[in-house]
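> Here's a structure for you.
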Amino acid sequence: MGYIFDLSPLVLTQYREFIRSLLFMGLFLPAVMLLYLVLNQSWPEGVLWVSNGVVTIMLLATVVRVAYTIHRRASLLNLHLFSYFCATEIIPLTILLKVLVFTY
């Protein structure tokens, strides 16, 4: 969609920021995994809420950070740019959240 709406310069910026954000936020996932391994037998409801909250915050923060970076380069008021974000980030992250987190 970036090529259709002539947003080619923003595609690489968005990709780099998306990967950078996910890698940075992935540093906090070992702590969540340790929480899961230590407390899952004694407090499974709490571990479920904490892990779901961390993953949700991580995904939302990634979308907000990428949107902020792109907003510095182009206006986000255009409808085609918003549809580009929905198609490339928000919809896949929502599907991942549904499949990975809320199925267990």
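Chain lettering (A, B, ...) mirrors the order of the structure tokens, residue numbering begins at 1 for each chain separately, and ligand numbering begins at 1 in order of display.
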Where in chain A does DSSP assign alpha helix (DSSP H), given as a ChimeraX atom specification?

/A:8-25,29-39,44-73,79-85,91-96

> Residues within 12 Å of Arg16 (chain A), please, as a CSV table (one decimal) with C-alpha atoms, in the first residue's frame. Count only C-alpha atoms; anything in the same chain fewer than 5 positions from it doesn't count.


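This went into around-v6.csv:
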```
chain,number,residue,atom,x,y,z
A,9,PRO,CA,10.0,6.9,1.6
A,10,LEU,CA,8.0,6.1,4.7
A,11,VAL,CA,7.9,2.4,4.2
A,21,SER,CA,10.6,-1.0,18.9
A,22,LEU,CA,9.9,-4.8,19.1
A,23,LEU,CA,13.5,-5.6,19.8
A,62,THR,CA,5.1,-0.2,19.3
A,65,ARG,CA,6.1,4.8,18.7
A,66,VAL,CA,6.0,4.0,15.0
A,69,THR,CA,8.1,8.6,14.2
A,70,ILE,CA,6.1,8.6,10.9
```

> What's the 12 Å shell around Gln14 (chain A), counting only C-alpha atoms, without same-chain residues fewer than 6 positions away, as number ranges by chain?

A: 2, 7-8, 20-21, 62-74, 81, 84-85, 88-89

> Kindly save the residues from that selection, with N, CA and C atoms included, as a PDB file, in the first residue's frame.


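Result written to part_8.pdb:
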```pdb
ATOM      1  N   GLY A   2       2.077   1.125   0.489  1.00  0.00           N
ATOM      2  CA  GLY A   2       2.962   2.278   0.467  1.00  0.00           C
ATOM      3  C   GLY A   2       3.304   2.716  -0.941  1.00  0.00           C
ATOM      4  N   LEU A   7       3.904   6.402  -0.804  1.00  0.00           N
ATOM      5  CA  LEU A   7       4.507   6.585   0.513  1.00  0.00           C
ATOM      6  C   LEU A   7       5.808   5.789   0.628  1.00  0.00           C
ATOM      7  N   SER A   8       6.459   5.591  -0.478  1.00  0.00           N
ATOM      8  CA  SER A   8       7.669   4.760  -0.508  1.00  0.00           C
ATOM      9  C   SER A   8       8.748   5.209   0.471  1.00  0.00           C
ATOM     10  N   ARG A  20      12.933  -1.944  15.524  1.00  0.00           N
ATOM     11  CA  ARG A  20      13.659  -1.378  16.660  1.00  0.00           C
ATOM     12  C   ARG A  20      12.798  -1.398  17.925  1.00  0.00           C
ATOM     13  N   SER A  21      11.535  -1.049  17.793  1.00  0.00           N
ATOM     14  CA  SER A  21      10.643  -1.043  18.948  1.00  0.00           C
ATOM     15  C   SER A  21      10.407  -2.448  19.492  1.00  0.00           C
ATOM     16  N   THR A  62       4.434  -0.120  20.650  1.00  0.00           N
ATOM     17  CA  THR A  62       5.090  -0.218  19.347  1.00  0.00           C
ATOM     18  C   THR A  62       4.326   0.570  18.300  1.00  0.00           C
ATOM     19  N   VAL A  63       3.011   0.428  18.282  1.00  0.00           N
ATOM     20  CA  VAL A  63       2.196   1.157  17.308  1.00  0.00           C
ATOM     21  C   VAL A  63       2.292   2.660  17.548  1.00  0.00           C
ATOM     22  N   VAL A  64       2.241   3.092  18.808  1.00  0.00           N
ATOM     23  CA  VAL A  64       2.319   4.526  19.114  1.00  0.00           C
ATOM     24  C   VAL A  64       3.694   5.083  18.742  1.00  0.00           C
ATOM     25  N   ARG A  65       4.739   4.334  19.041  1.00  0.00           N
ATOM     26  CA  ARG A  65       6.089   4.819  18.719  1.00  0.00           C
ATOM     27  C   ARG A  65       6.305   4.943  17.211  1.00  0.00           C
ATOM     28  N   VAL A  66       5.828   3.962  16.458  1.00  0.00           N
ATOM     29  CA  VAL A  66       5.960   4.022  15.004  1.00  0.00           C
ATOM     30  C   VAL A  66       5.120   5.166  14.451  1.00  0.00           C
ATOM     31  N   ALA A  67       3.923   5.349  14.972  1.00  0.00           N
ATOM     32  CA  ALA A  67       3.078   6.456  14.510  1.00  0.00           C
ATOM     33  C   ALA A  67       3.734   7.803  14.805  1.00  0.00           C
ATOM     34  N   TYR A  68       4.354   7.938  15.962  1.00  0.00           N
ATOM     35  CA  TYR A  68       5.034   9.190  16.295  1.00  0.00           C
ATOM     36  C   TYR A  68       6.210   9.448  15.353  1.00  0.00           C
ATOM     37  N   THR A  69       6.986   8.414  15.068  1.00  0.00           N
ATOM     38  CA  THR A  69       8.126   8.571  14.165  1.00  0.00           C
ATOM     39  C   THR A  69       7.676   8.951  12.766  1.00  0.00           C
ATOM     40  N   ILE A  70       6.634   8.300  12.273  1.00  0.00           N
ATOM     41  CA  ILE A  70       6.122   8.617  10.940  1.00  0.00           C
ATOM     42  C   ILE A  70       5.490  10.004  10.922  1.00  0.00           C
ATOM     43  N   HIS A  71       4.851  10.398  12.019  1.00  0.00           N
ATOM     44  CA  HIS A  71       4.219  11.718  12.078  1.00  0.00           C
ATOM     45  C   HIS A  71       5.244  12.850  11.973  1.00  0.00           C
ATOM     46  N   ARG A  72       6.451  12.593  12.426  1.00  0.00           N
ATOM     47  CA  ARG A  72       7.487  13.617  12.292  1.00  0.00           C
ATOM     48  C   ARG A  72       7.886  13.822  10.839  1.00  0.00           C
ATOM     49  N   ARG A  73       7.662  12.832   9.991  1.00  0.00           N
ATOM     50  CA  ARG A  73       8.053  12.937   8.581  1.00  0.00           C
ATOM     51  C   ARG A  73       6.894  13.282   7.660  1.00  0.00           C
ATOM     52  N   ALA A  74       5.677  12.924   8.048  1.00  0.00           N
ATOM     53  CA  ALA A  74       4.507  13.198   7.208  1.00  0.00           C
ATOM     54  C   ALA A  74       3.293  13.393   8.102  1.00  0.00           C
ATOM     55  N   LEU A  81      -2.895   7.404   4.654  1.00  0.00           N
ATOM     56  CA  LEU A  81      -1.816   7.051   5.564  1.00  0.00           C
ATOM     57  C   LEU A  81      -2.355   6.267   6.753  1.00  0.00           C
ATOM     58  N   TYR A  84      -2.947   2.803   5.631  1.00  0.00           N
ATOM     59  CA  TYR A  84      -1.669   2.114   5.514  1.00  0.00           C
ATOM     60  C   TYR A  84      -1.231   1.564   6.866  1.00  0.00           C
ATOM     61  N   PHE A  85      -1.353   2.377   7.919  1.00  0.00           N
ATOM     62  CA  PHE A  85      -1.015   1.911   9.262  1.00  0.00           C
ATOM     63  C   PHE A  85      -1.897   0.757   9.695  1.00  0.00           C
ATOM     64  N   THR A  88      -0.841  -2.449   7.874  1.00  0.00           N
ATOM     65  CA  THR A  88       0.490  -2.997   8.096  1.00  0.00           C
ATOM     66  C   THR A  88       0.842  -3.219   9.554  1.00  0.00           C
ATOM     67  N   GLU A  89       0.151  -2.602  10.491  1.00  0.00           N
ATOM     68  CA  GLU A  89       0.522  -2.767  11.892  1.00  0.00           C
ATOM     69  C   GLU A  89      -0.640  -3.121  12.799  1.00  0.00           C
TER      70      GLU A  89
END
```

> Give me, please, the distance in Å between CA of Val55 (chain A) and CA of Met25 (chain A), quoted to one decimal.

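These two atoms are separated by 9.4 Å.
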
> Would you mind telling me which residue in A:Ile95, A:Leu37, A:Leu12, A:Val32 lies nearest to Asn52 (chain A) when using only C-alpha atoms?

A:Val32

> Rounded to one decimal, what separation in Å do you get between CA of Thr94 (chain A) and CA of Ala31 (chain A)?

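So the two atoms, CA of Thr94 (chain A) and CA of Ala31 (chain A), lie 22.9 Å apart.
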
> Report, in Å with one decimal, the straight-line distance from CA of Ile90 (chain A) to CA of Thr56 (chain A).

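So the two atoms, CA of Ile90 (chain A) and CA of Thr56 (chain A), lie 12.0 Å apart.
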